[in-house]
file model-v8.cif (mmCIF, C-alpha atoms)
data_coords
#
loop_
_atom_site.group_PDB
_atom_site.id
_atom_site.type_symbol
_atom_site.label_atom_id
_atom_site.label_comp_id
_atom_site.auth_asym_id
_atom_site.auth_seq_id
_atom_site.Cartn_x
_atom_site.Cartn_y
_atom_site.Cartn_z
ATOM 1 C CA MET A 1 -153.972 -140.540 63.062
ATOM 2 C CA VAL A 2 -157.695 -139.993 63.263
ATOM 3 C CA SER A 3 -159.396 -142.288 60.816
ATOM 4 C CA GLU A 4 -162.960 -142.143 59.529
ATOM 5 C CA MET A 5 -163.743 -145.175 61.683
ATOM 6 C CA ASN A 6 -162.739 -143.843 65.098
ATOM 7 C CA LYS A 7 -163.505 -140.134 64.885
ATOM 8 C CA LYS A 8 -166.950 -140.455 66.505
ATOM 9 C CA GLN A 9 -165.464 -141.762 69.753
ATOM 10 C CA TYR A 10 -164.278 -138.266 70.692
ATOM 11 C CA SER A 11 -166.459 -135.491 72.039
ATOM 12 C CA LEU A 12 -166.534 -132.075 70.393
ATOM 13 C CA LYS A 13 -164.744 -130.656 73.440
ATOM 14 C CA GLU A 14 -161.953 -133.249 73.000
ATOM 15 C CA TRP A 15 -161.608 -132.307 69.324
ATOM 16 C CA ILE A 16 -161.253 -128.621 70.177
ATOM 17 C CA LEU A 17 -158.844 -129.183 73.073
ATOM 18 C CA THR A 18 -156.734 -131.501 70.921
ATOM 19 C CA ALA A 19 -156.552 -128.868 68.207
ATOM 20 C CA ILE A 20 -155.530 -126.161 70.687
ATOM 21 C CA LYS A 21 -152.883 -128.400 72.278
ATOM 22 C CA SER A 22 -151.558 -129.351 68.846
ATOM 23 C CA GLU A 23 -151.222 -125.703 67.823
ATOM 24 C CA ILE A 24 -149.414 -124.833 71.066
ATOM 25 C CA ASP A 25 -147.006 -127.742 70.572
ATOM 26 C CA SER A 26 -146.428 -126.890 66.912
ATOM 27 C CA LYS A 27 -145.668 -123.271 67.752
ATOM 28 C CA ALA A 28 -143.101 -124.444 70.319
ATOM 29 C CA VAL A 29 -141.491 -126.770 67.756
ATOM 30 C CA TYR A 30 -141.181 -124.071 65.099
ATOM 31 C CA THR A 31 -139.844 -121.594 67.645
ATOM 32 C CA THR A 32 -137.197 -124.184 68.598
ATOM 33 C CA PHE A 33 -136.346 -124.753 64.929
ATOM 34 C CA GLU A 34 -136.062 -120.987 64.449
ATOM 35 C CA LYS A 35 -133.491 -120.827 67.258
ATOM 36 C CA LYS A 36 -131.621 -123.897 65.968
ATOM 37 C CA VAL A 37 -130.935 -122.725 62.405
ATOM 38 C CA LYS A 38 -128.293 -120.222 61.355
ATOM 39 C CA ASN A 39 -129.726 -119.390 57.954
ATOM 40 C CA GLY A 40 -131.712 -116.128 58.129
ATOM 41 C CA LEU A 41 -134.227 -117.144 55.462
ATOM 42 C CA MET A 42 -134.997 -120.385 57.288
ATOM 43 C CA LYS A 43 -135.320 -118.486 60.556
ATOM 44 C CA ASP A 44 -137.948 -116.328 58.847
ATOM 45 C CA LYS A 45 -139.830 -119.384 57.552
ATOM 46 C CA PHE A 46 -139.897 -121.025 60.970
ATOM 47 C CA HIS A 47 -140.989 -117.740 62.537
ATOM 48 C CA PHE A 48 -143.787 -117.555 59.966
ATOM 49 C CA LEU A 49 -144.898 -121.120 60.768
ATOM 50 C CA ALA A 50 -144.821 -120.444 64.535
ATOM 51 C CA THR A 51 -146.929 -117.322 64.004
ATOM 52 C CA GLU A 52 -149.433 -119.256 61.875
ATOM 53 C CA GLU A 53 -149.819 -121.883 64.605
ATOM 54 C CA MET A 54 -150.403 -119.138 67.177
ATOM 55 C CA LYS A 55 -153.169 -117.644 64.993
ATOM 56 C CA HIS A 56 -154.805 -121.071 64.706
ATOM 57 C CA GLN A 57 -154.630 -121.452 68.494
ATOM 58 C CA LYS A 58 -156.310 -118.081 69.075
ATOM 59 C CA TYR A 59 -159.123 -118.914 66.650
ATOM 60 C CA LEU A 60 -159.671 -122.306 68.268
ATOM 61 C CA GLU A 61 -159.798 -120.717 71.719
ATOM 62 C CA THR A 62 -162.542 -118.438 70.397
ATOM 63 C CA VAL A 63 -164.414 -121.478 69.046
ATOM 64 C CA PHE A 64 -164.111 -123.177 72.430
ATOM 65 C CA LYS A 65 -165.506 -120.131 74.256
ATOM 66 C CA LYS A 66 -168.374 -119.851 71.767
ATOM 67 C CA THR A 67 -169.185 -123.563 71.910
ATOM 68 C CA PHE A 68 -168.707 -124.033 75.655
ATOM 69 C CA PRO A 69 -169.350 -120.577 77.174
ATOM 70 C CA LYS A 70 -169.722 -121.903 80.738
ATOM 71 C CA ASP A 71 -166.582 -124.065 80.685
ATOM 72 C CA LYS A 72 -163.101 -122.970 81.609
ATOM 73 C CA LEU A 73 -160.567 -123.670 78.882
ATOM 74 C CA LEU A 74 -158.051 -126.134 80.325
ATOM 75 C CA VAL A 75 -155.539 -127.363 77.765
ATOM 76 C CA PRO A 76 -154.580 -130.984 78.471
ATOM 77 C CA LYS A 77 -150.940 -131.995 78.909
ATOM 78 C CA LYS A 78 -151.558 -134.804 76.407
ATOM 79 C CA THR A 79 -154.076 -134.688 73.596
ATOM 80 C CA PRO A 80 -157.141 -136.918 73.885
ATOM 81 C CA VAL A 81 -157.032 -137.592 70.121
ATOM 82 C CA PRO A 82 -153.730 -139.229 69.174
ATOM 83 C CA LEU A 83 -151.537 -137.157 66.856
ATOM 84 C CA PRO A 84 -147.853 -137.641 65.942
ATOM 85 C CA GLU A 85 -145.363 -135.879 68.197
ATOM 86 C CA ILE A 86 -142.117 -134.235 67.188
ATOM 87 C CA ASN A 87 -139.257 -135.335 69.410
ATOM 88 C CA ILE A 88 -136.652 -132.608 69.593
ATOM 89 C CA SER A 89 -133.486 -134.062 71.035
ATOM 90 C CA LYS A 90 -131.109 -131.987 73.109
ATOM 91 C CA ASP A 91 -128.406 -133.583 70.954
ATOM 92 C CA GLU A 92 -126.867 -130.831 68.822
ATOM 93 C CA ASP A 93 -125.826 -133.430 66.231
ATOM 94 C CA THR A 94 -129.388 -134.340 65.251
ATOM 95 C CA PRO A 95 -129.726 -133.287 61.619
ATOM 96 C CA LEU A 96 -132.426 -130.694 61.139
ATOM 97 C CA SER A 97 -133.623 -132.663 58.109
ATOM 98 C CA LEU A 98 -134.603 -135.493 60.485
ATOM 99 C CA LEU A 99 -136.581 -133.063 62.620
ATOM 100 C CA LEU A 100 -138.203 -131.638 59.504
ATOM 101 C CA SER A 101 -139.288 -135.161 58.516
ATOM 102 C CA GLN A 102 -141.068 -135.515 61.849
ATOM 103 C CA ALA A 103 -142.673 -132.096 61.405
ATOM 104 C CA MET A 104 -143.857 -133.088 57.922
ATOM 105 C CA ILE A 105 -145.557 -136.198 59.331
ATOM 106 C CA ALA A 106 -147.214 -134.038 61.992
ATOM 107 C CA GLU A 107 -148.419 -131.504 59.399
ATOM 108 C CA LYS A 108 -149.944 -134.264 57.243
ATOM 109 C CA ALA A 109 -151.689 -135.649 60.325
ATOM 110 C CA ALA A 110 -152.893 -132.143 61.195
ATOM 111 C CA GLN A 111 -154.322 -131.781 57.704
ATOM 112 C CA GLU A 112 -156.305 -135.016 58.102
ATOM 113 C CA PHE A 113 -157.292 -134.045 61.643
ATOM 114 C CA TYR A 114 -158.729 -130.687 60.534
ATOM 115 C CA ARG A 115 -160.579 -132.282 57.600
ATOM 116 C CA ASN A 116 -162.269 -134.693 60.014
ATOM 117 C CA PHE A 117 -162.699 -132.017 62.694
ATOM 118 C CA SER A 118 -164.505 -129.711 60.254
ATOM 119 C CA LYS A 119 -167.226 -132.348 59.863
ATOM 120 C CA GLN A 120 -168.033 -132.160 63.588
ATOM 121 C CA PHE A 121 -169.577 -128.684 63.301
ATOM 122 C CA ASN A 122 -173.001 -127.732 61.997
ATOM 123 C CA ASP A 123 -171.871 -124.102 62.016
ATOM 124 C CA ARG A 124 -170.729 -123.635 58.404
ATOM 125 C CA THR A 125 -168.469 -120.696 59.246
ATOM 126 C CA ILE A 126 -166.459 -122.780 61.709
ATOM 127 C CA SER A 127 -166.545 -125.836 59.461
ATOM 128 C CA HIS A 128 -165.211 -123.841 56.508
ATOM 129 C CA MET A 129 -162.481 -122.259 58.638
ATOM 130 C CA LEU A 130 -161.340 -125.705 59.783
ATOM 131 C CA GLU A 131 -161.250 -126.861 56.159
ATOM 132 C CA TYR A 132 -159.094 -123.813 55.474
ATOM 133 C CA PHE A 133 -156.831 -124.832 58.370
ATOM 134 C CA ALA A 134 -156.483 -128.265 56.712
ATOM 135 C CA ASP A 135 -155.364 -126.544 53.512
ATOM 136 C CA MET A 136 -152.928 -124.383 55.494
ATOM 137 C CA GLU A 137 -151.434 -127.460 57.178
ATOM 138 C CA LEU A 138 -150.792 -128.901 53.721
ATOM 139 C CA GLY A 139 -149.072 -125.624 52.842
ATOM 140 C CA HIS A 140 -146.919 -125.971 55.963
ATOM 141 C CA TYR A 141 -146.052 -129.512 54.871
ATOM 142 C CA ARG A 142 -144.905 -128.219 51.485
ATOM 143 C CA ILE A 143 -142.761 -125.483 53.045
ATOM 144 C CA LEU A 144 -141.085 -128.084 55.255
ATOM 145 C CA GLN A 145 -140.661 -130.496 52.351
ATOM 146 C CA THR A 146 -138.896 -127.872 50.245
ATOM 147 C CA GLU A 147 -136.604 -126.899 53.126
ATOM 148 C CA LYS A 148 -135.852 -130.528 53.941
ATOM 149 C CA GLU A 149 -134.905 -131.360 50.359
ATOM 150 C CA SER A 150 -132.675 -128.308 50.164
ATOM 151 C CA MET A 151 -131.123 -129.008 53.539
ATOM 152 C CA GLU A 152 -130.361 -132.627 52.671
ATOM 153 C CA ARG A 153 -128.375 -131.467 49.663
ATOM 154 C CA PHE A 154 -126.300 -129.183 51.883
ATOM 155 C CA GLU A 155 -125.924 -131.826 54.618
ATOM 156 C CA GLU A 156 -124.571 -134.274 52.045
ATOM 157 C CA ALA A 157 -121.959 -131.768 50.965
ATOM 158 C CA ASP A 158 -121.490 -130.440 54.522
ATOM 159 C CA ILE A 159 -121.857 -126.903 53.191
ATOM 160 C CA TYR A 160 -122.910 -123.848 55.134
ATOM 161 C CA TRP A 161 -122.687 -120.433 53.518
ATOM 162 C CA PRO A 162 -123.552 -117.787 56.117
ATOM 163 C CA MET A 163 -124.358 -115.057 53.592
ATOM 164 C CA ILE A 164 -126.163 -117.232 50.997
ATOM 165 C CA HIS A 165 -129.423 -115.281 51.380
ATOM 166 C CA ALA A 166 -127.943 -111.838 51.969
ATOM 167 C CA GLY A 167 -129.079 -109.223 49.511
ATOM 168 C CA PRO A 168 -126.844 -107.307 47.085
#
call {"tool": "encode", "arguments": {"input": "model-v8.cif", "output": "structure tokens"}}
result
Amino acid sequence: MVSEMNKKQYSLKEWILTAIKSEIDSKAVYTTFEKKVKNGLMKDKFHFLATEEMKHQKYLETVFKKTFPKDKLLVPKKTPVPLPEINISKDEDTPLSLLLSQAMIAEKAAQEFYRNFSKQFNDRTISHMLEYFADMELGHYRILQTEKESMERFEEADIYWPMIHAGP
């Protein structure tokens, strides 16, 4: 995670590119989760999270273009600023609750990242938006936490009810 002590070692461009890469990766993770689950309500939640990450990415791309108008936006394969990764195994037996735990760690790190990132801008509009992103990442964490707790209860009982969220 990015601590108060090491945040100055990264350039503003590295901060922005890291944020963009993180949002792209997060969208891919939530899209994978959406495909992995059978529960329609959970599919909707993961779709929502993937869409949120895509919106963040688009905003950050705009910030990059505004901040570095002469530079071509090249998203790195690996982020310059270290952030936790979510390792999605091809193993079908990996409990989704384990994957959600990894996603929760990543969302907490993203919250801290955006809090620190917001302090890199003198432009108050951008700074405030990044603070808002930090709050949104905490919201994502809470969504995942609720789903994980619920899922663990069902995993313990090995219960799956296909129509649990179907309307009347």
call {"tool": "atom_distance", "arguments": {"input": "model-v8.cif", "atom1": "atom CA of Glu85 of chain A", "atom2": "atom CA of Lys108 of chain A"}}
result
12.0 Å
call {"tool": "resolve_selection", "arguments": {"input": "model-v8.cif", "expression": "the PyMOL selection byres ((chain A and resi 128-133) around 12)", "output": "VMD selection string"}}
result
chain A and resid 15 to 16 19 23 52 to 53 55 to 57 59 to 60 63 107 to 108 110 to 127 134 to 140
call {"tool": "atom_distance", "arguments": {"input": "model-v8.cif", "atom1": "atom CA of Met104 of chain A", "atom2": "atom CA of Thr32 of chain A"}}
result
15.4 Å
call {"tool": "residues_around", "arguments": {"input": "model-v8.cif", "residues": "Gln145 of chain A", "least_positions_apart": "2", "cutoff": "10 Å", "atoms": "only C-alpha atoms", "output": "VMD selection string"}}
result
chain A and resid 97 100 to 101 103 to 104 139 to 143 147 to 151
call {"tool": "closest_residue", "arguments": {"input": "model-v8.cif", "among": "A:Met42, A:Leu73, A:Ile105, A:Ile86", "to": "Thr146 of chain A", "atoms": "all atoms listed in the file"}}
result
A:Met42
call {"tool": "closest_residue", "arguments": {"input": "model-v8.cif", "among": "A:Thr62, A:Thr94, A:Thr18, A:Ile88", "to": "Thr31 of chain A", "atoms": "all atoms listed in the file"}}
result
A:Ile88
call {"tool": "atom_distance", "arguments": {"input": "model-v8.cif", "atom1": "atom CA of Tyr30 of chain A", "atom2": "atom CA of His47 of chain A"}}
result
6.8 Å
call {"tool": "axis_aligned_box", "arguments": {"input": "model-v8.cif", "around": "segment 26-43 of chain A", "padding_each_side": "4 Å", "output": "lines of an AutoDock Vina configuration file"}}
result
center_x = -137.4
center_y = -121.5
center_z = 62.9
size_x = 26.1
size_y = 18.8
size_z = 22.9
call {"tool": "closest_residue", "arguments": {"input": "model-v8.cif", "among": "A:Thr67, A:Thr79, A:Thr51, A:Asn39", "to": "Leu17 of chain A", "atoms": "all atoms listed in the file"}}
result
A:Thr79
call {"tool": "closest_residue", "arguments": {"input": "model-v8.cif", "among": "A:Lys72, A:Lys13, A:Arg153, A:Lys27", "to": "Leu49 of chain A", "atoms": "all atoms listed in the file"}}
result
A:Lys27
call {"tool": "build_atoms", "arguments": {"input": "model-v8.cif", "residues": "segment 113-143 of chain A", "atoms": "N, CA and C atoms", "output": "JSON list (two decimals), keeping the file's coordinate frame"}}
result
[["chain", "number", "residue", "atom", "x", "y", "z"],
["A", 113, "PHE", "N", -156.56, -134.36, 60.43],
["A", 113, "PHE", "CA", -157.29, -134.04, 61.64],
["A", 113, "PHE", "C", -158.29, -132.92, 61.38],
["A", 114, "TYR", "N", -157.84, -131.82, 60.77],
["A", 114, "TYR", "CA", -158.73, -130.69, 60.53],
["A", 114, "TYR", "C", -159.83, -131.01, 59.53],
["A", 115, "ARG", "N", -159.53, -131.85, 58.55],
["A", 115, "ARG", "CA", -160.58, -132.28, 57.60],
["A", 115, "ARG", "C", -161.69, -133.02, 58.37],
["A", 116, "ASN", "N", -161.29, -133.95, 59.22],
["A", 116, "ASN", "CA", -162.27, -134.69, 60.01],
["A", 116, "ASN", "C", -162.96, -133.79, 61.04],
["A", 117, "PHE", "N", -162.19, -132.93, 61.67],
["A", 117, "PHE", "CA", -162.70, -132.02, 62.69],
["A", 117, "PHE", "C", -163.77, -131.11, 62.10],
["A", 118, "SER", "N", -163.56, -130.64, 60.89],
["A", 118, "SER", "CA", -164.50, -129.71, 60.25],
["A", 118, "SER", "C", -165.89, -130.34, 60.11],
["A", 119, "LYS", "N", -165.95, -131.64, 60.03],
["A", 119, "LYS", "CA", -167.23, -132.35, 59.86],
["A", 119, "LYS", "C", -167.99, -132.47, 61.18],
["A", 120, "GLN", "N", -167.39, -132.06, 62.27],
["A", 120, "GLN", "CA", -168.03, -132.16, 63.59],
["A", 120, "GLN", "C", -168.93, -130.96, 63.88],
["A", 121, "PHE", "N", -168.84, -129.92, 63.05],
["A", 121, "PHE", "CA", -169.58, -128.68, 63.30],
["A", 121, "PHE", "C", -170.73, -128.50, 62.33],
["A", 122, "ASN", "N", -171.87, -128.12, 62.85],
["A", 122, "ASN", "CA", -173.00, -127.73, 62.00],
["A", 122, "ASN", "C", -172.86, -126.28, 61.56],
["A", 123, "ASP", "N", -172.11, -125.50, 62.34],
["A", 123, "ASP", "CA", -171.87, -124.10, 62.02],
["A", 123, "ASP", "C", -170.94, -124.05, 60.79],
["A", 124, "ARG", "N", -171.49, -123.61, 59.66],
["A", 124, "ARG", "CA", -170.73, -123.64, 58.40],
["A", 124, "ARG", "C", -169.51, -122.71, 58.44],
["A", 125, "THR", "N", -169.60, -121.61, 59.17],
["A", 125, "THR", "CA", -168.47, -120.70, 59.25],
["A", 125, "THR", "C", -167.28, -121.40, 59.90],
["A", 126, "ILE", "N", -167.53, -122.06, 61.02],
["A", 126, "ILE", "CA", -166.46, -122.78, 61.71],
["A", 126, "ILE", "C", -165.97, -123.95, 60.86],
["A", 127, "SER", "N", -166.90, -124.69, 60.30],
["A", 127, "SER", "CA", -166.54, -125.84, 59.46],
["A", 127, "SER", "C", -165.65, -125.41, 58.29],
["A", 128, "HIS", "N", -166.00, -124.33, 57.65],
["A", 128, "HIS", "CA", -165.21, -123.84, 56.51],
["A", 128, "HIS", "C", -163.83, -123.36, 56.97],
["A", 129, "MET", "N", -163.77, -122.72, 58.13],
["A", 129, "MET", "CA", -162.48, -122.26, 58.64],
["A", 129, "MET", "C", -161.57, -123.46, 58.95],
["A", 130, "LEU", "N", -162.14, -124.52, 59.49],
["A", 130, "LEU", "CA", -161.34, -125.70, 59.78],
["A", 130, "LEU", "C", -160.87, -126.39, 58.50],
["A", 131, "GLU", "N", -161.69, -126.36, 57.47],
["A", 131, "GLU", "CA", -161.25, -126.86, 56.16],
["A", 131, "GLU", "C", -160.08, -126.02, 55.65],
["A", 132, "TYR", "N", -160.17, -124.72, 55.86],
["A", 132, "TYR", "CA", -159.09, -123.81, 55.47],
["A", 132, "TYR", "C", -157.83, -124.14, 56.26],
["A", 133, "PHE", "N", -157.98, -124.42, 57.55],
["A", 133, "PHE", "CA", -156.83, -124.83, 58.37],
["A", 133, "PHE", "C", -156.19, -126.09, 57.78],
["A", 134, "ALA", "N", -157.01, -127.04, 57.33],
["A", 134, "ALA", "CA", -156.48, -128.26, 56.71],
["A", 134, "ALA", "C", -155.63, -127.91, 55.50],
["A", 135, "ASP", "N", -156.14, -126.99, 54.69],
["A", 135, "ASP", "CA", -155.36, -126.54, 53.51],
["A", 135, "ASP", "C", -154.06, -125.86, 53.94],
["A", 136, "MET", "N", -154.13, -125.07, 55.01],
["A", 136, "MET", "CA", -152.93, -124.38, 55.49],
["A", 136, "MET", "C", -151.89, -125.39, 56.01],
["A", 137, "GLU", "N", -152.36, -126.44, 56.68],
["A", 137, "GLU", "CA", -151.43, -127.46, 57.18],
["A", 137, "GLU", "C", -150.72, -128.15, 56.01],
["A", 138, "LEU", "N", -151.43, -128.35, 54.91],
["A", 138, "LEU", "CA", -150.79, -128.90, 53.72],
["A", 138, "LEU", "C", -149.75, -127.92, 53.19],
["A", 139, "GLY", "N", -150.05, -126.64, 53.24],
["A", 139, "GLY", "CA", -149.07, -125.62, 52.84],
["A", 139, "GLY", "C", -147.84, -125.66, 53.73],
["A", 140, "HIS", "N", -148.05, -125.84, 55.03],
["A", 140, "HIS", "CA", -146.92, -125.97, 55.96],
["A", 140, "HIS", "C", -146.08, -127.19, 55.61],
["A", 141, "TYR", "N", -146.75, -128.29, 55.29],
["A", 141, "TYR", "CA", -146.05, -129.51, 54.87],
["A", 141, "TYR", "C", -145.15, -129.22, 53.67],
["A", 142, "ARG", "N", -145.68, -128.51, 52.70],
["A", 142, "ARG", "CA", -144.90, -128.22, 51.48],
["A", 142, "ARG", "C", -143.72, -127.31, 51.77],
["A", 143, "ILE", "N", -143.88, -126.34, 52.65],
["A", 143, "ILE", "CA", -142.76, -125.48, 53.04],
["A", 143, "ILE", "C", -141.66, -126.34, 53.67]]
